[in-house]
$ cat my_file_0.tsv   # TSV, C-alpha atoms
chain	number	residue	atom	x	y	z
P	24	MET	CA	8.47	22.93	-3.99
P	25	SER	CA	11.85	23.02	-5.70
P	26	GLU	CA	13.69	19.92	-6.91
P	27	GLY	CA	15.80	19.90	-3.76
P	28	GLU	CA	12.73	19.97	-1.54
P	29	VAL	CA	10.96	16.98	-3.10
P	30	ALA	CA	13.88	14.58	-3.57
P	31	PRO	CA	16.68	13.66	-1.18
P	32	PRO	CA	20.27	14.11	-2.40
P	33	VAL	CA	21.85	11.25	-4.34
P	34	PHE	CA	25.53	10.35	-4.66
P	35	GLY	CA	25.51	8.92	-8.17
P	36	SER	CA	23.45	8.47	-11.32
P	37	LEU	CA	21.28	5.42	-11.86
P	38	GLY	CA	22.26	3.30	-14.84
P	39	ASP	CA	20.66	0.49	-16.77
P	40	VAL	CA	20.58	-2.92	-15.07
P	41	LYS	CA	20.15	-6.53	-16.11
P	42	THR	CA	18.76	-9.15	-13.76
P	43	ALA	CA	18.47	-12.89	-14.31
P	44	ARG	CA	15.39	-12.45	-16.51
P	45	LEU	CA	14.90	-8.72	-17.06
P	46	ASP	CA	16.52	-5.92	-19.02
P	47	LEU	CA	15.92	-2.68	-17.11
P	48	ARG	CA	16.71	0.61	-18.82
P	49	ARG	CA	15.55	4.21	-18.94
P	50	PHE	CA	12.71	5.27	-21.22
P	51	TYR	CA	12.99	6.49	-24.82
P	52	THR	CA	10.27	8.03	-26.95
P	53	SER	CA	10.54	4.99	-29.24
P	54	ASP	CA	9.13	2.80	-26.44
P	55	VAL	CA	5.61	4.09	-27.10
P	56	ASP	CA	4.53	1.14	-29.27
P	57	GLY	CA	5.67	-1.54	-26.84
P	58	LEU	CA	4.43	0.24	-23.73
P	59	SER	CA	1.10	1.17	-25.31
P	60	ALA	CA	0.36	-2.53	-25.75
P	61	VAL	CA	0.91	-3.03	-22.01
P	62	PHE	CA	-0.99	0.07	-20.88
P	63	ALA	CA	-3.93	-0.84	-23.15
P	64	GLU	CA	-4.71	-3.66	-20.71
P	65	LYS	CA	-7.25	-2.40	-18.18
P	66	GLU	CA	-5.78	-4.46	-15.35
P	67	VAL	CA	-2.47	-2.58	-15.52
P	68	TRP	CA	-4.10	0.69	-14.44
P	69	GLU	CA	-7.01	-0.77	-12.47
P	70	PHE	CA	-5.47	0.94	-9.43
P	71	PRO	CA	-6.15	3.84	-9.26
P	72	PHE	CA	-7.88	4.64	-12.58
P	73	GLY	CA	-9.95	1.54	-13.30
P	74	ARG	CA	-9.30	1.79	-17.04
P	75	ALA	CA	-6.68	1.35	-19.74
P	76	PHE	CA	-4.42	4.13	-21.04
P	77	SER	CA	-4.66	5.49	-24.56
P	78	ARG	CA	-1.61	5.78	-26.80
P	79	ALA	CA	-1.54	9.53	-26.13
P	80	GLU	CA	-1.59	8.94	-22.37
P	81	THR	CA	1.20	6.41	-22.73
P	82	GLN	CA	3.29	8.90	-24.69
P	83	ALA	CA	2.68	11.54	-22.01
P	84	PHE	CA	3.75	9.01	-19.36
P	85	ILE	CA	6.99	8.32	-21.23
P	86	ASP	CA	7.65	12.04	-21.63
P	87	ARG	CA	7.26	12.52	-17.86
P	88	GLN	CA	9.70	9.69	-17.15
P	89	ILE	CA	12.30	11.17	-19.49
P	90	ARG	CA	12.00	14.53	-17.72
P	91	HIS	CA	12.23	12.80	-14.33
P	92	TRP	CA	15.58	11.22	-15.27
P	93	VAL	CA	16.92	14.61	-16.35
P	94	LEU	CA	15.82	16.28	-13.12
P	95	TYR	CA	16.89	13.67	-10.58
P	96	SER	CA	19.51	11.39	-12.23
P	97	PHE	CA	17.30	8.36	-11.53
P	98	GLY	CA	13.84	7.16	-12.43
P	99	LEU	CA	11.70	4.28	-13.56
P	100	TRP	CA	13.03	1.66	-15.96
P	101	VAL	CA	11.09	0.20	-18.84
P	102	VAL	CA	11.18	-3.59	-18.42
P	103	ARG	CA	12.02	-5.96	-21.26
P	104	GLN	CA	12.15	-9.72	-21.00
P	105	GLU	CA	15.76	-10.73	-21.43
P	106	SER	CA	14.73	-13.79	-23.45
P	107	ASN	CA	12.89	-11.99	-26.25
P	108	GLY	CA	13.15	-8.20	-25.74
P	109	ARG	CA	9.40	-7.75	-25.26
P	110	ILE	CA	8.31	-4.78	-23.12
P	111	VAL	CA	6.23	-6.09	-20.22
P	112	GLY	CA	5.94	-3.05	-17.91
P	113	TYR	CA	8.02	-0.77	-15.75
P	114	VAL	CA	9.77	-0.81	-12.38
P	115	GLY	CA	12.12	1.51	-10.55
P	116	LEU	CA	12.48	4.63	-8.47
P	117	SER	CA	10.57	7.92	-8.58
P	118	VAL	CA	9.77	10.97	-6.49
P	119	PRO	CA	6.19	10.60	-5.14
P	120	THR	CA	5.09	14.19	-5.73
P	121	PHE	CA	1.48	12.98	-5.59
P	122	LEU	CA	1.86	12.68	-1.78
P	123	PRO	CA	3.43	15.97	-0.62
P	124	GLU	CA	3.19	15.13	3.08
P	125	ILE	CA	6.05	12.59	2.88
P	126	LEU	CA	8.47	14.62	0.73
P	127	PRO	CA	11.40	14.60	0.30
P	128	ALA	CA	11.18	10.92	-0.57
P	129	VAL	CA	11.89	8.26	-3.17
P	130	GLU	CA	9.40	5.52	-3.98
P	131	VAL	CA	9.97	2.10	-5.51
P	132	GLY	CA	7.09	1.12	-7.80
P	133	TRP	CA	6.11	-1.23	-10.60
P	134	ARG	CA	3.40	-2.11	-13.13
P	135	PHE	CA	3.39	-5.19	-15.34
P	136	SER	CA	1.29	-6.75	-18.05
P	137	PRO	CA	-1.11	-9.37	-16.64
P	138	SER	CA	0.52	-11.83	-19.05
P	139	VAL	CA	3.53	-11.99	-16.71
P	140	TRP	CA	1.76	-11.74	-13.34
P	141	GLY	CA	2.78	-14.49	-10.98
P	142	LEU	CA	6.29	-14.86	-12.43
P	143	GLY	CA	8.01	-12.79	-9.74
P	144	TYR	CA	9.05	-10.00	-12.10
P	145	ALA	CA	7.88	-7.23	-9.76
P	146	SER	CA	9.97	-8.57	-6.88
P	147	GLU	CA	12.96	-9.19	-9.15
P	148	GLY	CA	12.87	-5.71	-10.66
P	149	ALA	CA	12.13	-3.94	-7.38
P	150	THR	CA	15.01	-5.79	-5.71
P	151	ALA	CA	17.36	-4.44	-8.38
P	152	ALA	CA	15.94	-0.95	-7.84
P	153	LEU	CA	16.44	-1.11	-4.08
P	154	ASP	CA	19.98	-2.44	-4.50
P	155	GLU	CA	20.77	0.58	-6.66
P	156	ALA	CA	18.93	2.99	-4.33
P	157	PHE	CA	21.04	2.04	-1.34
P	158	THR	CA	24.40	1.58	-3.10
P	159	THR	CA	24.73	3.69	-6.25
P	160	LEU	CA	22.40	6.47	-5.12
P	161	GLY	CA	23.30	6.26	-1.43
P	162	LEU	CA	19.75	6.86	-0.19
P	163	ASP	CA	18.91	6.49	3.50
P	164	SER	CA	15.41	5.12	2.95
P	165	VAL	CA	12.93	4.21	0.23
P	166	CYS	CA	9.14	3.96	0.44
P	167	SER	CA	6.42	2.18	-1.49
P	168	ILE	CA	2.81	3.35	-1.62
P	169	PRO	CA	0.49	0.58	-2.86
P	170	GLU	CA	-3.23	1.19	-2.94
P	171	THR	CA	-4.92	-0.56	-0.01
P	172	LEU	CA	-7.09	-2.66	-2.33
P	173	ASN	CA	-4.18	-3.65	-4.57
P	174	ARG	CA	-3.36	-6.87	-2.79
P	175	ARG	CA	-0.80	-7.97	-5.38
P	176	SER	CA	1.36	-4.89	-4.84
P	177	VAL	CA	0.90	-5.08	-1.07
P	178	ARG	CA	2.24	-8.63	-1.17
P	179	VAL	CA	5.26	-7.51	-3.20
P	180	ALA	CA	6.07	-4.78	-0.64
P	181	ASP	CA	5.83	-7.39	2.13
P	182	ARG	CA	8.00	-9.81	0.15
P	183	LEU	CA	10.67	-7.13	-0.25
P	184	GLY	CA	10.93	-6.87	3.54
P	185	MET	CA	9.45	-3.38	3.69
P	186	THR	CA	7.52	-2.29	6.80
P	187	MET	CA	4.00	-0.87	6.67
P	188	VAL	CA	4.21	2.41	8.57
P	189	ARG	CA	0.71	3.85	8.28
P	190	ARG	CA	-2.30	4.42	6.06
P	191	VAL	CA	-2.26	7.51	3.84
P	192	ASN	CA	-4.74	9.25	1.55
P	193	VAL	CA	-3.33	10.42	-1.77
P	194	PRO	CA	-5.08	13.69	-2.69
P	195	ALA	CA	-7.49	13.75	-5.62
P	196	ASN	CA	-6.47	15.24	-8.95
P	197	GLU	CA	-8.23	15.99	-12.24
P	198	GLN	CA	-8.10	12.31	-13.28
P	199	ARG	CA	-9.23	10.50	-10.11
P	200	GLY	CA	-10.56	10.91	-6.61
P	201	VAL	CA	-8.79	10.41	-3.29
P	202	VAL	CA	-6.82	7.15	-3.23
P	203	ARG	CA	-6.43	5.17	0.01
P	204	CYS	CA	-2.96	3.69	0.26
P	205	LEU	CA	-0.48	2.05	2.62
P	206	LEU	CA	2.89	3.68	3.25
P	207	TYR	CA	5.70	1.13	3.35
P	208	GLU	CA	9.34	1.97	4.11
P	209	ILE	CA	12.73	0.32	4.36
P	210	ASN	CA	16.05	1.90	5.33
P	211	ARG	CA	19.51	1.24	3.94
P	212	GLU	CA	20.77	-0.65	6.98
P	213	ALA	CA	17.83	-3.08	6.99
P	214	TRP	CA	17.99	-3.65	3.23
P	215	LEU	CA	21.73	-4.26	3.05
P	216	ARG	CA	21.69	-6.48	6.13
P	217	GLY	CA	18.99	-8.64	4.56
P	218	ARG	CA	20.81	-8.85	1.23
P	219	ARG	CA	24.10	-9.82	2.88
P	220	LYS	CA	22.37	-12.60	4.79
P	221	LEU	CA	21.31	-13.96	1.41
P	222	GLY	CA	24.86	-13.61	0.11
P	223	THR	CA	23.74	-11.33	-2.72
P	224	LEU	CA	25.79	-8.26	-1.82
P	225	GLY	CA	29.39	-8.05	-0.87
P	226	GLY	CA	30.92	-6.01	1.93

$ encode --input "my_file_0.tsv" --output "C-alpha cells"
Amino acid sequence: MSEGEVAPPVFGSLGDVKTARLDLRRFYTSDVDGLSAVFAEKEVWEFPFGRAFSRAETQAFIDRQIRHWVLYSFGLWVVRQESNGRIVGYVGLSVPTFLPEILPAVEVGWRFSPSVWGLGYASEGATAALDEAFTTLGLDSVCSIPETLNRRSVRVADRLGMTMVRRVNVPANEQRGVVRCLLYEINREAWLRGRRKLGTLGG
C-alpha cells in the first residue's frame, strides 16, 4: 500500500502540545536514554511482547517514529512530566499498519512507565491527541486497538468515550504471534460534542 492508501488525508501538521501536567513533543534521536529507561520495564511491553525492550530496540522504535512524522505530518509524542522533564512514556496518533483490514485509519495509543500508572496520564495525553486529530488534522474518525487482555488500556478507551466496534485479530509477525484485540472508534462529531459539553473547546 502507498502512503495515501494507509492514512486518511489531513488538513494540517501536528505540533507539540502541553497539557496541565505533560509536555508532549515529537521524538528526537537524543531521547534514547530517557525512553530506554521506560522501555526496560517489562510491564510497559507486556502486551503484546511479554518482555522489556533493549536499548537497540528502543532506538529502532524512535527511528520509526521520526520516519512516521516525516511521512504523515503527525505521529506519537514522547511524554515528559511538566514538573521535572522526566520521560515517562509516549502517547499520540499513528497509522495502524499492523492491521491492514481497517486501513486507511489513524489510531490513538499510549504506553507509560508503571511508576506513573494510575495518575491519569494516558487519558490526559490521549485527550490532547484526539483534540488535535479532530481540529488541527481535520480527521473524520480515530480508532484505538487495545489488546483484549490489557484491561488498563481498555478502560482508558472507555473513559475517552470511544465505542467498541468489534473484536479483531492482529496478524502475527516475526516478533510475536496473533494478537487478539478490541477495535474502538470515535468520530469527530461525537468527540467535539462531548468536549463542548465539558466547556473545553470553543465553537

$ atom_distance --input "my_file_0.tsv" --atom1 "CA of Trp68 (chain P)" --atom2 "CA of Glu155 (chain P)"
26.1 Å

$ atom_distance --input "my_file_0.tsv" --atom1 "CA of Gly112 (chain P)" --atom2 "CA of Ser136 (chain P)"
5.9 Å

$ closest_residue --input "my_file_0.tsv" --among "P:Tyr113, P:Tyr207, P:Trp214, P:Tyr95" --to "Val33 (chain P)" --atoms "only C-alpha atoms"
P:Tyr95

$ residues_around --input "my_file_0.tsv" --residues "Val118 (chain P)" --least-positions-apart "6" --cutoff "9 Å" --atoms "all atoms listed in the file" --output "list in words"
Val29, Ala30, His91, Tyr95, Gly98, Leu126, Pro127, Ala128, Val129, Glu130 and Val131 of chain P

$ closest_residue --input "my_file_0.tsv" --among "P:Gln88, P:Thr120, P:Thr42, P:Asn210" --to "Gly161 (chain P)" --atoms "only C-alpha atoms"
P:Asn210

$ atom_distance --input "my_file_0.tsv" --atom1 "CA of Thr158 (chain P)" --atom2 "CA of Cys204 (chain P)"
27.6 Å

$ closest_residue --input "my_file_0.tsv" --among "P:Val202, P:Leu99, P:Leu37, P:Ala156" --to "Gly73 (chain P)" --atoms "all atoms listed in the file"
P:Val202

$ closest_residue --input "my_file_0.tsv" --among "P:Glu69, P:Asp163, P:Glu197, P:Glu80" --to "Ile209 (chain P)" --atoms "all atoms listed in the file"
P:Asp163

$ closest_residue --input "my_file_0.tsv" --among "P:Val40, P:Val111, P:Val201, P:Ala195" --to "Asp154 (chain P)" --atoms "all atoms listed in the file"
P:Val40

$ closest_residue --input "my_file_0.tsv" --among "P:Arg109, P:Arg174, P:Arg199, P:Arg44" --to "Asp56 (chain P)" --atoms "all atoms listed in the file"
P:Arg109

$ residues_around --input "my_file_0.tsv" --residues "Gly57 (chain P)" --least-positions-apart "6" --cutoff "12 Å" --atoms "all atoms listed in the file" --output "mmCIF file with C-alpha atoms, keeping the file's coordinate frame"
data_model
loop_
_atom_site.group_PDB
_atom_site.id
_atom_site.type_symbol
_atom_site.label_atom_id
_atom_site.label_comp_id
_atom_site.auth_asym_id
_atom_site.auth_seq_id
_atom_site.Cartn_x
_atom_site.Cartn_y
_atom_site.Cartn_z
ATOM 1 C CA PHE P 50 12.710 5.270 -21.220
ATOM 2 C CA TYR P 51 12.990 6.490 -24.820
ATOM 3 C CA ALA P 63 -3.930 -0.840 -23.150
ATOM 4 C CA ARG P 78 -1.610 5.780 -26.800
ATOM 5 C CA THR P 81 1.200 6.410 -22.730
ATOM 6 C CA GLN P 82 3.290 8.900 -24.690
ATOM 7 C CA ILE P 85 6.990 8.320 -21.230
ATOM 8 C CA VAL P 101 11.090 0.200 -18.840
ATOM 9 C CA VAL P 102 11.180 -3.590 -18.420
ATOM 10 C CA ARG P 103 12.020 -5.960 -21.260
ATOM 11 C CA GLN P 104 12.150 -9.720 -21.000
ATOM 12 C CA GLY P 108 13.150 -8.200 -25.740
ATOM 13 C CA ARG P 109 9.400 -7.750 -25.260
ATOM 14 C CA ILE P 110 8.310 -4.780 -23.120
ATOM 15 C CA VAL P 111 6.230 -6.090 -20.220
ATOM 16 C CA GLY P 112 5.940 -3.050 -17.910
ATOM 17 C CA TYR P 113 8.020 -0.770 -15.750
ATOM 18 C CA SER P 136 1.290 -6.750 -18.050
#

$ residues_around --input "my_file_0.tsv" --residues "Arg189 (chain P)" --least-positions-apart "2" --cutoff "8 Å" --atoms "only C-alpha atoms" --output "number ranges by chain"
P: 187, 191, 205-207

$ decode --input "my_file_0.tsv" --residues "region 37-118 of chain P" --atoms "C-alpha atoms" --output "short mmCIF file (atom, residue, chain, number, x, y, z; two decimals), in the first residue's frame"
data_model
loop_
_atom_site.label_atom_id
_atom_site.label_comp_id
_atom_site.auth_asym_id
_atom_site.auth_seq_id
_atom_site.Cartn_x
_atom_site.Cartn_y
_atom_site.Cartn_z
CA LEU P 37 0.58 18.16 14.24
CA GLY P 38 2.66 20.28 16.59
CA ASP P 39 3.95 19.90 20.11
CA VAL P 40 1.40 20.27 22.91
CA LYS P 41 1.43 20.99 26.63
CA THR P 42 -1.32 19.78 28.94
CA ALA P 43 -1.80 20.56 32.62
CA ARG P 44 0.89 18.04 33.61
CA LEU P 45 2.53 16.79 30.43
CA ASP P 46 4.92 18.07 27.79
CA LEU P 47 4.11 16.27 24.53
CA ARG P 48 6.53 16.60 21.63
CA ARG P 49 7.83 14.65 18.66
CA PHE P 50 10.73 12.23 19.04
CA TYR P 51 14.43 13.01 18.63
CA THR P 52 17.30 10.54 18.50
CA SER P 53 18.58 12.06 21.75
CA ASP P 54 15.53 10.64 23.56
CA VAL P 55 17.05 7.15 23.56
CA ASP P 56 18.45 7.35 27.10
CA GLY P 57 15.22 8.53 28.71
CA LEU P 58 12.97 6.23 26.72
CA SER P 59 15.24 3.21 27.20
CA ALA P 60 14.73 3.52 30.95
CA VAL P 61 10.96 3.32 30.41
CA PHE P 62 11.05 0.52 27.84
CA ALA P 63 13.40 -1.52 30.07
CA GLU P 64 10.42 -2.12 32.36
CA LYS P 65 8.77 -5.40 31.37
CA GLU P 66 5.28 -4.13 32.21
CA VAL P 67 5.46 -1.44 29.51
CA TRP P 68 5.60 -4.02 26.72
CA GLU P 69 3.77 -6.85 28.49
CA PHE P 70 1.14 -6.51 25.76
CA PRO P 71 1.89 -7.90 23.23
CA PHE P 72 5.53 -8.97 23.76
CA GLY P 73 5.66 -10.01 27.40
CA ARG P 74 9.17 -8.61 27.83
CA ALA P 75 11.21 -5.42 28.07
CA PHE P 76 12.87 -3.69 25.12
CA SER P 77 16.62 -3.45 24.72
CA ARG P 78 18.35 -0.14 24.06
CA ALA P 79 18.77 -1.14 20.41
CA GLU P 80 15.04 -1.90 20.12
CA THR P 81 14.24 1.44 21.73
CA GLN P 82 16.48 3.24 19.23
CA ALA P 83 14.78 1.41 16.37
CA PHE P 84 11.39 2.44 17.79
CA ILE P 85 12.47 6.09 17.90
CA ASP P 86 13.79 5.89 14.34
CA ARG P 87 10.41 4.55 13.16
CA GLN P 88 8.57 7.38 14.90
CA ILE P 89 10.81 10.01 13.29
CA ARG P 90 10.11 8.49 9.86
CA HIS P 91 6.39 8.37 10.63
CA TRP P 92 6.32 12.13 11.31
CA VAL P 93 8.08 12.81 8.02
CA LEU P 94 5.66 10.62 6.06
CA TYR P 95 2.36 11.70 7.59
CA SER P 96 2.88 15.10 9.31
CA PHE P 97 1.70 13.61 12.61
CA GLY P 98 2.75 10.85 14.95
CA LEU P 99 3.35 9.79 18.52
CA TRP P 100 4.68 12.23 21.09
CA VAL P 101 7.30 11.41 23.68
CA VAL P 102 5.82 12.33 27.07
CA ARG P 103 7.72 14.34 29.66
CA GLN P 104 6.40 15.33 33.05
CA GLU P 105 5.97 19.08 33.03
CA SER P 106 7.18 19.32 36.62
CA ASN P 107 10.62 17.77 36.13
CA GLY P 108 11.17 16.97 32.43
CA ARG P 109 11.41 13.21 33.01
CA ILE P 110 10.39 10.98 30.09
CA VAL P 111 7.59 8.68 31.26
CA GLY P 112 6.30 7.15 28.01
CA TYR P 113 4.57 8.05 24.79
CA VAL P 114 1.10 8.95 23.54
CA GLY P 115 -0.35 10.19 20.28
CA LEU P 116 -1.50 9.29 16.81
CA SER P 117 -0.18 6.71 14.35
CA VAL P 118 -1.18 4.74 11.28
#
